[in-house]
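Have a look at coords.txt; it's compact mmCIF, C-alpha atoms and all ligand atoms:
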# COMPACT_ATOMS: atom_id res chain seq x y z
CA MET Z 185 104.48 72.68 108.85
CA LYS Z 186 107.34 75.03 109.80
CA LYS Z 187 106.20 78.39 111.11
CA TYR Z 188 108.19 81.62 110.87
CA LYS Z 189 107.48 85.27 111.37
CA SER Z 190 109.00 86.11 107.98
CA ILE Z 191 110.71 84.52 105.04
CA PHE Z 192 112.98 86.35 102.59
CA LEU Z 193 113.61 85.09 99.05
CA SER Z 194 115.57 86.59 96.19
CA ASP Z 195 116.96 85.67 92.79
CA ILE Z 196 114.68 82.74 92.12
CA HIS Z 197 114.80 83.54 88.39
CA LEU Z 198 111.56 81.73 87.59
CA GLY Z 199 111.29 81.14 83.88
CA SER Z 200 114.97 80.31 83.58
CA GLN Z 201 115.83 76.67 82.91
CA HIS Z 202 118.46 76.84 85.66
CA CYS Z 203 116.00 77.65 88.45
CA LYS Z 204 115.80 74.87 91.06
CA THR Z 205 112.00 74.87 91.07
CA LYS Z 206 111.50 71.39 92.57
CA LYS Z 207 113.42 72.23 95.75
CA LEU Z 208 111.80 75.66 95.96
CA PHE Z 209 108.22 74.40 95.65
CA THR Z 210 108.82 71.62 98.20
CA MET Z 211 110.25 74.15 100.65
CA LEU Z 212 107.40 76.64 100.13
CA GLN Z 213 104.73 73.99 100.60
CA LYS Z 214 106.21 73.03 103.98
CA ILE Z 215 106.32 76.50 105.55
CA GLU Z 216 104.02 79.15 106.91
CA ALA Z 217 104.91 82.75 107.68
CA LYS Z 218 103.29 86.01 108.59
CA ASN Z 219 105.35 87.91 106.01
CA LEU Z 220 106.79 86.87 102.68
CA PHE Z 221 109.46 89.26 101.41
CA LEU Z 222 110.34 88.84 97.74
CA VAL Z 223 113.70 90.57 97.44
CA GLY Z 224 113.95 90.89 93.66
CA ASP Z 225 114.68 88.88 90.52
CA ILE Z 226 111.90 86.46 91.38
CA ILE Z 227 111.08 86.22 87.69
CA THR Z 228 113.84 86.19 85.12
CA GLN Z 229 113.95 88.72 82.33
CA ASN Z 230 112.02 87.83 79.16
CA ALA Z 231 110.24 84.98 80.89
CA ASN Z 232 106.99 83.95 79.28
CA SER Z 233 104.15 84.87 81.63
CA ASN Z 234 102.35 81.59 80.89
CA ASN Z 235 105.43 79.65 81.95
CA LYS Z 236 104.34 76.62 84.02
CA ASP Z 237 106.84 77.28 86.84
CA ILE Z 238 105.65 80.86 87.25
CA GLU Z 239 102.03 79.65 87.34
CA LYS Z 240 102.90 77.04 89.97
CA PHE Z 241 104.81 79.57 92.09
CA ILE Z 242 101.87 81.99 91.99
CA GLU Z 243 99.48 79.19 92.89
CA ILE Z 244 101.58 78.22 95.94
CA ILE Z 245 102.13 81.73 97.26
CA ASN Z 246 98.44 82.55 96.78
CA SER Z 247 97.42 79.48 98.76
CA LYS Z 248 99.05 80.89 101.91
CA ASP Z 249 97.80 83.52 104.24
CA TRP Z 250 100.80 85.83 104.32
CA ASN Z 251 101.50 89.46 103.78
CA ILE Z 252 103.56 89.77 100.57
CA ILE Z 253 106.09 92.56 100.15
CA TYR Z 254 107.53 92.58 96.65
CA ILE Z 255 110.82 94.39 96.08
CA LEU Z 256 111.76 94.56 92.41
CA GLY Z 257 115.12 93.46 91.05
CA ASN Z 258 116.96 94.41 87.86
CA HIS Z 259 115.24 91.59 85.95
CA GLU Z 260 111.87 93.09 86.82
CA LYS Z 261 112.68 96.72 86.27
CA ASP Z 262 111.29 97.66 82.91
CA ARG Z 263 108.11 95.70 82.74
CA THR Z 264 105.13 94.70 84.79
CA ALA Z 265 106.06 91.48 86.47
CA PRO Z 266 103.53 88.67 85.93
CA LEU Z 267 103.19 88.39 89.70
CA ILE Z 268 101.70 91.87 89.86
CA GLU Z 269 99.31 91.19 86.98
CA LEU Z 270 98.16 88.02 88.64
CA SER Z 271 95.32 89.39 90.70
CA PRO Z 272 93.96 92.49 88.96
CA GLN Z 273 91.53 93.18 91.83
CA ASN Z 274 94.30 93.15 94.35
CA PRO Z 275 97.58 93.91 92.57
CA LEU Z 276 100.73 93.52 94.60
CA LYS Z 277 102.37 96.74 95.63
CA THR Z 278 106.00 96.84 94.61
CA TYR Z 279 108.98 98.66 96.02
CA ARG Z 280 112.59 99.38 95.12
CA GLN Z 281 113.49 99.65 98.79
CA TYR Z 282 111.58 98.90 101.95
CA ILE Z 283 112.18 99.39 105.64
CA TYR Z 284 110.82 96.64 107.83
CA HIS Z 285 110.43 97.38 111.55
CA ASN Z 286 110.29 94.05 113.33
CA GLY Z 287 109.66 95.53 116.75
CA LYS Z 288 113.32 95.24 117.80
CA GLN Z 289 115.32 96.49 114.85
CA ASN Z 290 114.92 98.22 111.52
CA ILE Z 291 115.76 96.15 108.47
CA TYR Z 292 116.67 97.80 105.19
CA LEU Z 293 115.55 95.78 102.18
CA THR Z 294 116.56 96.30 98.58
CA HIS Z 295 117.58 94.00 95.73
CA GLY Z 296 121.05 95.55 95.48
CA ASP Z 297 121.42 96.37 91.78
CA SER Z 298 121.43 100.13 92.44
CA PHE Z 299 125.06 99.50 93.45
CA HIS Z 300 126.07 99.55 89.79
CA SER Z 301 124.75 103.02 89.10
CA LYS Z 302 125.73 104.59 92.41
CA ASP Z 303 129.26 103.32 92.96
CA ILE Z 304 131.61 105.31 90.70
CA PHE Z 305 134.68 103.22 91.63
CA ASN Z 306 132.85 100.12 90.55
CA LYS Z 307 132.19 101.72 87.14
CA ILE Z 308 135.85 102.67 86.71
CA LEU Z 309 136.99 99.22 87.82
CA LYS Z 310 134.67 97.53 85.32
CA LEU Z 311 135.96 99.68 82.46
CA THR Z 312 139.59 99.09 83.46
CA LEU Z 313 139.00 95.36 83.73
CA SER Z 314 137.46 95.07 80.29
CA LYS Z 315 140.44 97.01 78.86
CA ILE Z 316 142.92 94.68 80.61
CA LYS Z 317 140.98 91.67 79.40
CA LYS Z 318 141.02 92.88 75.78
CA THR Z 319 144.72 93.69 75.97
CA ALA Z 320 145.45 90.27 77.44
CA GLN Z 321 143.50 88.69 74.61
CA LYS Z 322 145.43 90.73 72.02
CA ILE Z 323 148.80 89.76 73.50
CA GLU Z 324 147.76 86.14 73.41
CA ASP Z 325 146.48 86.35 69.85
CA LYS Z 326 149.82 87.74 68.70
CA LYS Z 327 151.51 84.99 70.72
CA CYS Z 328 153.98 87.59 71.94
CA ARG Z 329 154.03 86.38 75.47
CA GLY Z 330 152.85 83.31 77.40
CA ASN Z 331 149.22 82.99 78.29
CA ALA Z 332 148.08 86.51 79.13
CA SER Z 333 144.43 85.56 79.21
CA THR Z 334 145.08 82.86 81.86
CA LEU Z 335 146.99 85.42 83.89
CA TYR Z 336 143.98 87.72 83.68
CA HIS Z 337 141.52 85.03 84.79
CA LYS Z 338 143.75 83.59 87.54
CA LYS Z 339 145.31 86.72 89.00
CA VAL Z 340 143.60 89.95 87.96
CA LYS Z 341 139.96 88.89 87.98
CA PRO Z 342 139.88 87.31 91.49
CA ILE Z 343 141.42 90.45 93.03
CA ALA Z 344 138.90 92.65 91.24
CA GLN Z 345 136.04 90.37 92.27
CA LYS Z 346 137.12 90.50 95.91
CA TYR Z 347 137.24 94.28 95.72
CA LEU Z 348 133.77 94.40 94.13
CA HIS Z 349 132.35 92.03 96.74
CA ASN Z 350 133.70 94.16 99.58
CA SER Z 351 132.45 97.38 98.05
CA TYR Z 352 129.02 95.81 97.48
CA ILE Z 353 128.77 94.95 101.19
CA ASN Z 354 130.03 98.40 102.10
CA TYR Z 355 127.48 100.06 99.78
CA LEU Z 356 124.54 98.19 101.31
CA THR Z 357 125.56 98.54 104.95
CA THR Z 358 126.15 102.28 104.37
CA LEU Z 359 122.64 102.59 102.89
CA ALA Z 360 121.20 100.72 105.87
CA LYS Z 361 122.97 102.97 108.35
CA LYS Z 362 121.87 106.11 106.49
CA ASN Z 363 118.28 104.89 106.78
CA ASN Z 364 118.66 104.22 110.48
CA CYS Z 365 118.65 100.45 110.02
CA GLN Z 366 120.86 97.97 111.87
CA ILE Z 367 120.40 95.23 109.31
CA THR Z 368 120.26 94.99 105.52
CA ILE Z 369 118.75 92.11 103.58
CA CYS Z 370 119.45 91.98 99.86
CA GLY Z 371 120.18 89.65 96.95
CA HIS Z 372 121.48 90.23 93.43
CA ILE Z 373 125.02 88.77 93.63
CA HIS Z 374 123.75 85.21 94.22
CA LEU Z 375 125.98 84.69 97.26
CA PRO Z 376 124.20 83.56 100.44
CA GLU Z 377 126.04 85.19 103.36
CA VAL Z 378 125.73 86.81 106.77
CA ILE Z 379 128.44 89.37 107.55
CA LYS Z 380 128.57 91.63 110.59
CA THR Z 381 130.15 95.01 109.90
CA GLN Z 382 130.52 98.10 112.04
CA LYS Z 383 127.81 99.88 110.05
CA ALA Z 384 125.20 97.13 109.91
CA THR Z 385 124.69 93.39 109.57
CA TYR Z 386 124.61 92.28 105.95
CA LEU Z 387 122.44 89.33 104.95
CA ASN Z 388 122.22 88.13 101.38
CA CYS Z 389 119.38 85.70 100.54
CA GLY Z 390 121.53 83.94 97.92
CA ASP Z 391 119.62 82.46 95.02
CA TRP Z 392 117.79 79.47 93.51
CA VAL Z 393 120.07 79.08 90.51
CA ASN Z 394 123.45 78.16 91.98
CA HIS Z 395 122.21 77.60 95.54
CA SER Z 396 118.91 76.88 97.26
CA SER Z 397 118.98 79.47 100.01
CA TYR Z 398 116.66 81.78 101.89
CA ILE Z 399 116.46 83.80 105.09
CA VAL Z 400 113.96 83.27 107.87
CA GLU Z 401 112.91 85.40 110.81
CA GLU Z 402 111.85 83.49 113.90
CA PHE Z 403 109.12 84.88 116.14
CA ASN Z 404 111.76 86.20 118.56
CA GLY Z 405 113.26 88.30 115.75
CA GLU Z 406 116.28 86.07 115.16
CA LEU Z 407 117.37 86.00 111.51
CA ARG Z 408 118.86 82.86 109.98
CA LEU Z 409 120.21 81.98 106.58
CA ILE Z 410 119.17 78.52 105.44
CA GLU Z 411 120.86 76.64 102.63
CA ILE Z 412 119.35 73.42 101.35
CA PRO Z 413 122.21 71.11 100.33
MN MN Z 501 119.72 90.86 90.27

Rewrite the coordinates I just gave you, this time as structure tokens.
Amino acid sequence: MKKYKSIFLSDIHLGSQHCKTKKLFTMLQKIEAKNLFLVGDIITQNANSNNKDIEKFIEIINSKDWNIIYILGNHEKDRTAPLIELSPQNPLKTYRQYIYHNGKQNIYLTHGDSFHSKDIFNKILKLTLSKIKKTAQKIEDKKCRGNASTLYHKKVKPIAQKYLHNSYINYLTTLAKKNNCQITICGHIHLPEVIKTQKATYLNCGDWVNHSSYIVEEFNGELRLIEIP
């Protein structure tokens, strides 16, 4: 049994057919931790609450003696997540953001989806991109000029995605700094990464759809991103 101080999981998307449940359950059964941080989108939107994978997940996490901190994601926003309903006597408290003091540093935790509503440049970029995409499609349909849609996907989109990725990291590290935190742990964009910036260290838990990744905190406070191949 592997023992950690904390484990951080996000974007499991239980209830989705793409969720790598087998790997997840095997991993969870082999570890113990003082704290379990669920960093949003644990359950996918419109999932059936009597879904077998959700039941199994609940059974496993309830079999361990850990302190659960549940941070909601965009898939869990507008409804009561089945995880909360699970134990009516002792419902899980949920958060949109949470500051974890590990004795050495302050860690700012949030799912990350608030980025879309707060970052005005992101909104403008999204609108512009969809206009360019439509125009490219129109040009192609009229067969006026080469393959405009390919140009969009190969040239325009990657540049925009890189910009969005950078501004996402900037948004979260700024939030961390504002809240007097040296570290931020988030999810949402399904990209497991550790990036040191001048404002704060950015750690993204990744996901259990395209990757099998999670973050652990050792007893000395060291944070590590683990990716199961
Ligand atoms: Mn999300």

Quick one: residues within 6 Å of ligand MN 501 (chain Z), with only C-alpha atoms and all ligand atoms, as a list in words?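 Counting only what the definition allows, namely only C-alpha atoms and all ligand atoms, the set is Asp225, Gly257, Asn258, Asp297 and His372 of chain Z.
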
Mind dumping the selected residues with C-alpha atoms as a PDB file, keeping the file's coordinate frame?
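The resulting file, selection.pdb, is reproduced below:
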ATOM      1  CA  ASP Z 225     114.680  88.880  90.520  1.00  0.00           C
ATOM      2  CA  GLY Z 257     115.120  93.460  91.050  1.00  0.00           C
ATOM      3  CA  ASN Z 258     116.960  94.410  87.860  1.00  0.00           C
ATOM      4  CA  ASP Z 297     121.420  96.370  91.780  1.00  0.00           C
ATOM      5  CA  HIS Z 372     121.480  90.230  93.430  1.00  0.00           C
TER       6      HIS Z 372
END

Could you work out how far CA of Asp237 (chain Z) lies from CA of Lys277 (chain Z), giving the answer in Å with one decimal?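 About the pair CA of Lys277 (chain Z) and CA of Asp237 (chain Z): they are 21.8 Å apart.
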
My list of candidates is Z:Ile191, Z:Ala217, Z:Leu335, Z:Ala360. Which is closest to Ile323 (chain Z) when distances are computed with all atoms listed in the file?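 Closest residue, counting all atoms listed in the file: Z:Leu335.
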
Rounded to one decimal in Å, what is the spacing between CA of Ser298 (chain Z) and CA of Cys203 (chain Z)?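 Computed distance, CA of Ser298 (chain Z) to CA of Cys203 (chain Z), equals 23.5 Å.
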
Within 12 Å of region 285-291 of chain Z, counting all atoms listed in the file, which residues show up once you throw out same-chain ones fewer than 4 positions away? Write them as a count of residues only, please. 32

Distance query region 346-351 of chain Z at most 12 Å, only C-alpha atoms, self and fewer than 6 positions along chain excluded, as a PyMOL selection string: chain Z and resi 296+299-300+302-310+313+339-340+357-358+372-375+377+379+381+386+388

Please enclose the listed atoms of region 209-227 of chain Z in an axis-aligned box, pad each side by 5 Å, and write out the centre and the three edge lengths in Å, rounded to one decimal, as lines of an AutoDock Vina configuration file.
center_x = 109.0
center_y = 81.3
center_z = 98.1
size_x = 21.4
size_y = 29.3
size_z = 30.9

So which residues are close to (108.1, 76.1, 106.2), meaning at most 10 Å away in the file's coordinates with only C-alpha atoms counted, and can you show them as a ChimeraX atom specification? /Z:185-188,191,210-217,400

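Taking CA of Ile412 (chain Z) and CA of Lys261 (chain Z) as endpoints, the distance between them is 28.5 Å.
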
From the options Z:Ala320, Z:Leu222, Z:Ile245, Z:Ile196, which residue's atoms come nearest to Thr278 (chain Z), counting all atoms listed in the file?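 For Thr278 (chain Z), the nearest of the given residues is Z:Leu222.
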